[in-house]
Each structure stands twice: as C-alpha cells, then as structure tokens.
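Asker: Just so it is clear, I am handing over model28.txt, which has compact mmCIF, C-alpha atoms.
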# COMPACT_ATOMS: atom_id res chain seq x y z
CA MET A 1 146.09 123.62 131.51
CA ALA A 2 142.78 124.94 130.25
CA GLY A 3 142.44 124.95 126.47
CA SER A 4 145.35 122.54 125.89
CA SER A 5 145.24 119.19 124.14
CA VAL A 6 145.00 116.02 126.19
CA GLU A 7 147.14 112.93 125.65
CA THR A 8 145.16 109.67 125.91
CA PRO A 9 146.01 106.02 125.21
CA LEU A 10 144.01 106.37 121.99
CA GLY A 11 145.78 109.50 120.81
CA VAL A 12 145.61 113.26 121.15
CA THR A 13 142.26 114.93 121.70
CA ASP A 14 141.26 118.56 121.44
CA PRO A 15 140.01 120.58 124.44
CA ALA A 16 136.44 119.45 123.76
CA GLY A 17 137.47 115.83 124.15
CA ALA A 18 137.18 114.85 120.47
CA ALA A 19 139.97 113.15 118.56
CA ARG A 20 142.22 115.60 116.74
CA GLY A 21 141.11 116.00 113.13
CA TYR A 22 137.61 114.76 113.81
CA ARG A 23 134.97 116.82 112.00
CA PRO A 24 131.30 115.78 112.31
CA SER A 25 130.58 117.33 108.89
CA ALA A 26 133.09 114.97 107.29
CA THR A 27 131.40 111.81 108.50
CA MET A 28 129.07 109.82 106.24
CA PRO A 29 129.61 111.75 102.97
CA PHE A 30 126.61 112.19 100.69
CA ALA A 31 128.43 110.65 97.71
CA ALA A 32 129.36 107.54 99.69
CA GLU A 33 125.78 107.02 100.88
CA PHE A 34 124.46 107.66 97.35
CA ARG A 35 126.77 104.98 95.92
CA ARG A 36 125.88 102.63 98.76
CA GLN A 37 122.16 102.95 98.06
CA ALA A 38 122.80 102.58 94.32
CA SER A 39 124.29 99.14 94.94
CA ARG A 40 121.14 97.91 96.68
CA ARG A 41 118.83 95.64 94.72
CA ARG A 42 115.65 97.55 95.66
CA THR A 43 117.13 100.77 94.24
CA GLN A 44 118.08 99.07 91.00
CA LEU A 45 114.71 97.37 90.63
CA ALA A 46 112.73 100.53 91.43
CA LEU A 47 114.66 102.71 89.00
CA GLY A 48 114.64 99.94 86.40
CA PHE A 49 110.88 99.67 86.60
CA MET A 50 110.56 103.43 86.09
CA VAL A 51 112.34 102.94 82.77
CA LEU A 52 110.46 99.76 81.92
CA LEU A 53 106.92 100.99 82.59
CA PRO A 54 106.65 103.42 79.63
CA LEU A 55 108.03 100.71 77.36
CA ILE A 56 105.41 98.25 78.64
CA ILE A 57 102.67 100.80 77.96
CA LEU A 58 104.09 101.42 74.49
CA VAL A 59 104.08 97.71 73.67
CA ALA A 60 100.54 97.37 75.08
CA PHE A 61 99.36 100.11 72.72
CA GLN A 62 100.85 98.17 69.80
CA PHE A 63 98.63 95.20 70.62
CA ASP A 64 95.52 97.34 71.13
CA SER A 65 92.93 96.29 68.59
CA GLY A 66 91.27 99.71 68.76
CA GLY A 67 87.74 100.66 67.85
CA ASP A 68 86.08 97.92 69.91
CA ASP A 69 82.52 99.28 70.17
CA ASP A 70 81.44 96.40 72.40
CA ASN A 71 83.42 97.88 75.23
CA GLY A 72 82.19 101.43 74.65
CA ARG A 73 84.25 104.60 74.39
CA ASN A 74 84.78 105.61 77.96
CA GLU A 75 86.99 108.35 79.38
CA PHE A 76 90.00 106.06 79.70
CA SER A 77 89.85 105.00 76.06
CA SER A 78 89.80 108.65 75.03
CA LEU A 79 92.96 109.18 77.08
CA VAL A 80 94.57 106.28 75.24
CA ASP A 81 93.69 107.96 71.93
CA LEU A 82 95.38 111.14 73.14
CA ALA A 83 98.42 109.19 74.36
CA THR A 84 99.14 107.85 70.87
CA SER A 85 98.99 111.28 69.25
CA GLY A 86 102.51 112.39 70.17
CA GLY A 87 105.44 112.02 72.53
CA LEU A 88 104.24 114.74 74.89
CA ASN A 89 100.81 113.16 75.12
CA PHE A 90 102.32 109.74 75.75
CA THR A 91 104.39 111.23 78.58
CA LEU A 92 101.30 112.85 80.07
CA PHE A 93 99.46 109.53 79.95
CA SER A 94 102.36 107.72 81.64
CA ILE A 95 102.38 110.30 84.43
CA PHE A 96 98.60 110.11 84.76
CA VAL A 97 98.51 106.33 85.28
CA SER A 98 101.49 106.40 87.68
CA ALA A 99 100.81 109.42 89.89
CA SER A 100 98.08 108.06 92.13
CA PHE A 101 99.78 104.83 93.26
CA LEU A 102 103.02 103.75 91.61
CA LEU A 103 104.97 106.91 92.37
CA VAL A 104 103.60 106.86 95.92
CA VAL A 105 104.95 103.34 96.42
CA VAL A 106 108.35 104.20 94.95
CA VAL A 107 108.81 107.31 97.10
CA ALA A 108 107.63 105.41 100.19
CA LEU A 109 110.13 102.67 99.36
CA PHE A 110 113.12 105.00 99.12
CA CYS A 111 112.22 107.07 102.19
CA GLY A 112 110.68 104.37 104.37
CA ASP A 113 113.41 101.80 103.90
CA THR A 114 116.37 104.07 104.50
CA VAL A 115 116.65 104.05 108.34
CA ALA A 116 114.49 101.05 109.22
CA SER A 117 116.59 98.76 107.04
CA GLU A 118 119.76 99.76 108.91
CA ALA A 119 118.01 98.95 112.19
CA SER A 120 116.77 95.59 110.93
CA TRP A 121 120.27 94.67 109.75
CA GLY A 122 121.74 95.68 113.12
CA SER A 123 124.10 98.19 111.48
CA LEU A 124 122.51 101.41 112.74
CA ARG A 125 124.32 101.42 116.07
CA TYR A 126 127.65 100.86 114.30
CA LEU A 127 127.09 103.88 112.08
CA LEU A 128 126.48 106.00 115.16
CA ALA A 129 129.57 104.54 116.84
CA ILE A 130 131.92 105.73 114.05
CA PRO A 131 130.78 108.30 115.36
CA VAL A 132 128.28 109.87 112.97
CA PRO A 133 126.12 112.55 114.64
CA ARG A 134 122.49 111.46 114.64
CA ALA A 135 121.24 114.61 112.96
CA ARG A 136 123.80 114.26 110.19
CA LEU A 137 122.97 110.59 109.65
CA LEU A 138 119.30 111.42 109.25
CA THR A 139 120.02 114.42 107.01
CA VAL A 140 122.26 112.47 104.63
CA LYS A 141 119.85 109.54 104.44
CA LEU A 142 116.88 111.85 103.83
CA VAL A 143 118.66 113.82 101.10
CA VAL A 144 119.78 110.62 99.37
CA ALA A 145 116.27 109.16 99.57
CA LEU A 146 114.79 112.35 98.10
CA ALA A 147 117.43 112.35 95.37
CA TYR A 148 116.51 108.83 94.30
CA SER A 149 112.80 109.69 94.48
CA GLY A 150 113.38 112.64 92.17
CA LEU A 151 115.51 110.50 89.88
CA ALA A 152 112.71 107.92 89.64
CA LEU A 153 110.25 110.62 88.60
CA LEU A 154 112.64 111.97 85.97
CA LEU A 155 113.40 108.50 84.61
CA LEU A 156 109.70 107.77 84.19
CA ALA A 157 108.99 111.02 82.37
CA GLY A 158 112.23 111.02 80.39
CA THR A 159 111.81 107.46 79.13
CA ALA A 160 108.17 108.11 78.24
CA LEU A 161 109.09 111.29 76.36
CA LEU A 162 111.90 109.63 74.43
CA ALA A 163 110.01 106.44 73.58
CA GLY A 164 106.79 108.31 72.81
CA THR A 165 108.50 110.83 70.54
CA LEU A 166 110.35 108.12 68.63
CA ARG A 167 107.11 106.19 68.14
CA TYR A 168 104.47 108.91 67.74
CA GLY A 169 106.47 111.99 66.81
CA TRP A 170 106.93 115.47 68.25
CA SER A 171 103.40 116.83 68.25
CA PRO A 172 101.42 119.47 70.20
CA LEU A 173 100.23 118.58 73.68
CA ARG A 174 96.52 117.83 73.89
CA SER A 175 94.38 117.00 76.89
CA THR A 176 90.74 116.82 77.88
CA VAL A 177 90.99 120.02 79.95
CA ALA A 178 92.82 122.38 77.58
CA ALA A 179 93.21 123.59 74.07
CA GLU A 180 96.04 122.25 71.94
CA LEU A 181 99.44 123.49 73.13
CA GLU A 182 102.48 123.92 70.93
CA PRO A 183 105.27 121.42 71.70
CA THR A 184 107.53 123.96 73.42
CA GLU A 185 104.77 125.26 75.67
CA GLY A 186 103.51 121.71 76.20
CA LEU A 187 106.95 120.63 77.37
CA LEU A 188 107.05 123.51 79.86
CA ARG A 189 103.61 122.51 81.15
CA LEU A 190 104.82 118.93 81.63
CA LEU A 191 107.84 120.16 83.56
CA ALA A 192 105.51 122.18 85.78
CA VAL A 193 103.39 119.06 86.34
CA LEU A 194 106.47 117.08 87.35
CA GLY A 195 107.54 119.85 89.72
CA TYR A 196 104.15 119.90 91.40
CA LEU A 197 104.04 116.12 91.71
CA ALA A 198 107.49 116.20 93.30
CA VAL A 199 106.20 118.67 95.91
CA VAL A 200 103.03 116.65 96.61
CA LEU A 201 105.06 113.46 97.03
CA LEU A 202 107.06 115.17 99.79
CA VAL A 203 104.14 114.26 102.06
CA VAL A 204 104.70 110.57 101.31
CA ALA A 205 108.44 111.05 101.78
CA GLY A 206 107.94 112.73 105.14
CA LEU A 207 105.46 110.16 106.42
CA ALA A 208 107.54 107.19 105.27
CA PHE A 209 110.69 108.71 106.78
CA LEU A 210 108.95 109.28 110.12
CA LEU A 211 107.71 105.68 110.19
CA SER A 212 111.20 104.50 109.24
CA VAL A 213 112.57 106.18 112.36
CA ILE A 214 109.82 104.85 114.61
CA THR A 215 109.94 101.20 113.53
CA ASP A 216 112.74 98.72 112.82
CA ALA A 217 110.64 97.01 110.13
CA ALA A 218 111.26 98.54 106.70
CA LEU A 219 108.19 96.85 105.24
CA GLY A 220 106.06 98.36 107.99
CA ALA A 221 107.36 101.85 107.27
CA VAL A 222 106.83 101.56 103.52
CA GLY A 223 103.45 99.83 103.78
CA GLY A 224 102.26 102.15 106.53
CA ALA A 225 102.97 105.26 104.47
CA VAL A 226 101.20 103.83 101.42
CA LEU A 227 98.18 102.69 103.43
CA LEU A 228 97.81 106.06 105.16
CA TRP A 229 98.01 107.81 101.79
CA ILE A 230 95.28 105.52 100.42
CA LEU A 231 93.17 106.11 103.54
CA SER A 232 93.48 109.86 103.05
CA SER A 233 92.45 109.47 99.40
CA ILE A 234 89.36 107.48 100.41
CA LEU A 235 88.35 110.02 103.04
CA ASP A 236 88.79 112.80 100.49
CA GLN A 237 86.02 111.21 98.41
CA ILE A 238 83.50 111.49 101.26
CA THR A 239 81.80 114.81 100.60
CA ALA A 240 79.99 114.63 103.95
CA LEU A 241 83.29 115.57 105.62
CA GLY A 242 82.91 119.04 104.15
CA ALA A 243 85.73 121.49 104.89
CA VAL A 244 87.69 118.78 106.73
CA ARG A 245 88.69 117.40 103.34
CA ASP A 246 90.69 120.56 102.64
CA PHE A 247 93.13 119.56 105.38
CA LEU A 248 93.73 116.04 104.08
CA PRO A 249 97.21 115.64 102.54
CA THR A 250 95.73 114.10 99.37
CA HIS A 251 93.04 116.75 98.77
CA PHE A 252 95.14 118.69 96.28
CA SER A 253 97.04 115.72 94.83
CA THR A 254 95.35 116.08 91.42
CA ALA A 255 95.60 119.87 91.25
CA TRP A 256 98.32 119.44 88.60
CA LEU A 257 95.51 119.06 86.06
CA GLY A 258 95.01 122.81 86.41
CA LEU A 259 98.48 123.33 84.96
CA LEU A 260 97.21 121.85 81.69
CA SER A 261 94.09 124.00 81.42
CA THR A 262 93.68 127.13 79.32
CA PRO A 263 94.20 129.50 81.03
CA VAL A 264 96.36 127.88 83.69
CA GLN A 265 94.58 127.36 87.03
CA THR A 266 97.06 127.84 89.87
CA ASP A 267 94.88 128.46 92.94
CA ASP A 268 94.71 124.80 93.98
CA VAL A 269 98.34 124.32 92.96
CA VAL A 270 99.45 126.99 95.42
CA ARG A 271 97.25 125.53 98.16
CA GLY A 272 98.58 122.06 97.39
CA CYS A 273 102.19 123.21 97.65
CA ILE A 274 101.56 124.92 100.99
CA SER A 275 99.76 121.84 102.32
CA ALA A 276 102.43 119.40 101.12
CA ILE A 277 105.37 121.42 102.42
CA SER A 278 103.64 121.93 105.77
CA TYR A 279 102.92 118.21 106.23
CA ALA A 280 106.40 117.19 105.06
CA THR A 281 108.08 119.67 107.41
CA LEU A 282 105.96 118.42 110.31
CA PHE A 283 106.78 114.75 109.61
CA TRP A 284 110.50 115.41 109.14
CA GLY A 285 110.61 117.51 112.30
CA LEU A 286 108.98 114.69 114.28
CA ALA A 287 111.41 112.18 112.76
CA PHE A 288 114.46 114.21 113.83
CA TRP A 289 112.98 114.85 117.28
CA ARG A 290 112.27 111.14 117.79
CA PHE A 291 115.56 109.84 116.43
CA THR A 292 117.77 112.18 118.44
CA ARG A 293 116.08 111.01 121.64
CA LYS A 294 115.55 107.28 121.14
CA ASP A 295 117.79 104.47 122.38
CA ILE A 296 119.47 102.75 119.44
CA THR A 297 119.71 99.06 120.23
CA SER A 298 119.85 97.61 116.73
Would you write the structure of this file as structure tokens?

Answerer:
Amino acid sequence: MAGSSVETPLGVTDPAGAARGYRPSATMPFAAEFRRQASRRRTQLALGFMVLLPLIILVAFQFDSGGDDDNGRNEFSSLVDLATSGGLNFTLFSIFVSASFLLVVVVALFCGDTVASEASWGSLRYLLAIPVPRARLLTVKLVVALAYSGLALLLLAGTALLAGTLRYGWSPLRSTVAAELEPTEGLLRLLAVLGYLAVVLLVVAGLAFLLSVITDAALGAVGGAVLLWILSSILDQITALGAVRDFLPTHFSTAWLGLLSTPVQTDDVVRGCISAISYATLFWGLAFWRFTRKDITS
C-alpha cells in the first residue's frame, strides 16, 4: 500500500526507504566532531603554540640588551619599544608578527587537514556509509575547523593581553599610525582588528578546505593553501600589475592598520571584507560542488 512502512530483513523502513528513526540532521553531531578534533595531536600542538608564542616573545624581550646603536634604530626596533609600553601594545605587537604567516599556517592546517586526513586514513568512506549525508559531513567539518581557527586567534590575543598586562601594566594603546588611545578604546580597536583578521583569514580557510576536498594528501592541501597565499602576497608587491592587484585576495590583508589610525580609516576594511567573503564563498561553494559529485574510494 502506498505510504505504508515496509518490513525488511534489516528492520522497518519508512515510505522513503530509510530506516525508521533515521534523521540525517542527527548524524555526525558538531559536539562529537569538536571533541574528536580536540583529541588530535595537531590540534593540541597548534593551540598550544598559540599560547606559547606570546610567552616566548615576552622572554625574548627580557633578554634584549636594548639601545644597541651598532644595529641602528629601524622601524622594527621602534615597534619593540612600543610593545613593552603596556599590555595592549604587547598584544598588538604579537598580532603584527603573527598575522602575515603564522596565523595563515594555523588556519590552513585546521581547514586543509580536516577532509584530506580522513581520506588518507581510509575512514572517509566509512563515515559516509553510516550514513552521513555528504553535505552535512562537509558542513560539520568546516564549522569545526573554523571554530578551532577562531579559538587559535583568541588564544594568541588573550595570552598576549594577559601576559603583557601582568608584565608591562594596563596602559594606553600606542602605534606608529595613531595618537595615543585610552585603554578602553584601545581594547575595542584591538577587538576590531581581530574581527577583521578573522574575516581575511576566511580566504585561507576556503582555499585550504577546497584543496582538502580535491586531494587525499593533507600536507598537500595545507601547503598548497599557504603557498598560494604567499604567491598572492608576492604578486601584490608588483606595482606594474596596476588595478589587477585590487582583485588579489591578499591586497587588503593589512587594511586592519586603518582601524588603529586617528580617525579610523574603514574604506579598505570594507573592501577587504567584501573581497574575503566573496573568495571564501566561492571556494566553499566549489568544495561542496566537488565533494557531492566525486567518487569516494578512500
């Protein structure tokens, strides 16, 4: 009879042919995948290094002899002087030295390793056989990867702020592009910087995730995303490219400096957000399109 349940050797199924009680939305819970990724060594090492880096910088400053005229007083040394003038400034310095490469590698690691590692271990086909719908599997893995990427960014800034404040005190935020900002306003500016960096790094997340779907080699996905980001950064330095540079995903990667200026410069920030979200959406769309159509053999 149409619309009635069907009795099979494996149990009772609904009219659509699925096992009774089966709900695609209940497969592969976010919390379970989050805990699973937390138990992985690469997650622990990456997050641990985010905590350790500000402490390493703090210790390095303690051994800085300071005032070495033989080496000159270049721009970097002036940034070091600012970094030791308060917790907010130390946090800004930690973000500055990490944004162009370290954070790119960490985000690429979380997003590029997520699917490719399952394929390399031979467990991807078993996840789909549970059965977990392909779109849901990708969605959960992407959300978890983005969550850990955001957590890494917060751990870096939070550790730097705590360690820097304990060592150098709670002082106004100073930079080479702005007047002195009161601590409360300086903290808000730092939060805005972190928010913008999180948006810019979505490009890395999207690219790494796409490569993770295309290849079974996690190292290839992570390394490919980092190398393409570096290539874009190099091309952005070639002024002969003219207006083409505006369309490179890294062109507005340093626009967060405008959030520290007085008054705040937001034009490039807005353009950077639009560019990053557009690229990330494109890469994620391609990843879902590719994964839902490919043969899973590993």

Asker: Of the candidates A:Arg174, A:Arg42, A:Arg290, A:Arg134, which shows the shortest atom-to-atom distance to Ile214 in chain A, using all atoms listed in the file?

Answerer: A:Arg290

Asker: My list of candidates is A:Ser117, A:Thr215, A:Gln237, A:Thr262. Which is closest to Thr250 in chain A when distances are computed with all atoms listed in the file?

Answerer: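 Of A:Ser117, A:Thr215, A:Gln237, A:Thr262, the one nearest Thr250 in chain A is A:Gln237, counting all atoms listed in the file.
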
Asker: Figure out the distance between CA of Val222 in chain A and CA of Ala108 in chain A, please, to one decimal in Å.

Answerer: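 Pair CA of Ala108 in chain A / CA of Val222 in chain A returns 5.2 Å.
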
Asker: Just how far from CA of Pro29 in chain A is CA of Leu156 in chain A, in Å to one decimal?

Answerer: 27.7 Å

Asker: Taking 5 positions as the minimum chain separation for residues in the same chain, which residues sit within 8 Å of Tyr279 in chain A when counting all atoms listed in the file? Answer as an mmCIF file with C-alpha atoms, in the frame of the given file.

Answerer:
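Okay, part-v7.cif is ready:
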data_model
loop_
_atom_site.group_PDB
_atom_site.id
_atom_site.type_symbol
_atom_site.label_atom_id
_atom_site.label_comp_id
_atom_site.auth_asym_id
_atom_site.auth_seq_id
_atom_site.Cartn_x
_atom_site.Cartn_y
_atom_site.Cartn_z
ATOM 1 C CA VAL A 203 104.140 114.260 102.060
ATOM 2 C CA GLY A 206 107.940 112.730 105.140
ATOM 3 C CA PRO A 249 97.210 115.640 102.540
#

Asker: Nearest to Ala116 in chain A: which of A:Leu47, A:Leu219, A:Val97, A:Leu151 is it, counting only C-alpha atoms?

Answerer: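 Smallest separation from Ala116 in chain A among the options: A:Leu219.
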
Asker: When you count only C-alpha atoms, which of these residues is closest to Cys111 in chain A: A:Trp170, A:Tyr148, A:Phe291, A:Phe247?

Answerer: A:Tyr148

Asker: Here is a test: counting all atoms listed in the file, which residue of A:Ala83, A:Ala287, A:Leu161, A:Val115 is nearest to Leu210 in chain A?

Answerer: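 Among the listed residues, A:Ala287 lies closest to Leu210 in chain A.
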
Asker: For Pro54 in chain A, which of A:Thr114, A:Thr139, A:Ser275, A:Thr159 is the closest residue, counting all atoms listed in the file?

Answerer: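 Between A:Thr114, A:Thr139, A:Ser275, A:Thr159, the residue approaching Pro54 in chain A most closely is A:Thr159.
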
Asker: What is the CA of Arg293 in chain A-CA of Val104 in chain A distance in Å, reported with one decimal?

Answerer: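 These atoms are spaced 28.9 Å apart.
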
Asker: For Ser253 in chain A, work out the shell of residues within 12 Å, counting all atoms listed in the file and skipping chain neighbours fewer than 3 positions away, then give it as a PyMOL selection string.

Answerer: chain A and resi 96+99-101+104+193+196-204+229-230+232-233+236+246-250+256-258+268-276

Asker: Might you pull out every residue within 8 Å of Thr91 in chain A, with only C-alpha atoms counted and same-chain residues fewer than 3 positions away left off, and present them as a ChimeraX atom specification?

Answerer: /A:83,87-88,94-95,157,160-161,164

Asker: Please check which residues have atoms at most 9 Å from (109.9, 100.4, 89.7) in the file's coordinates, counting only C-alpha atoms, and write them as a count of residues only.

Answerer: 17
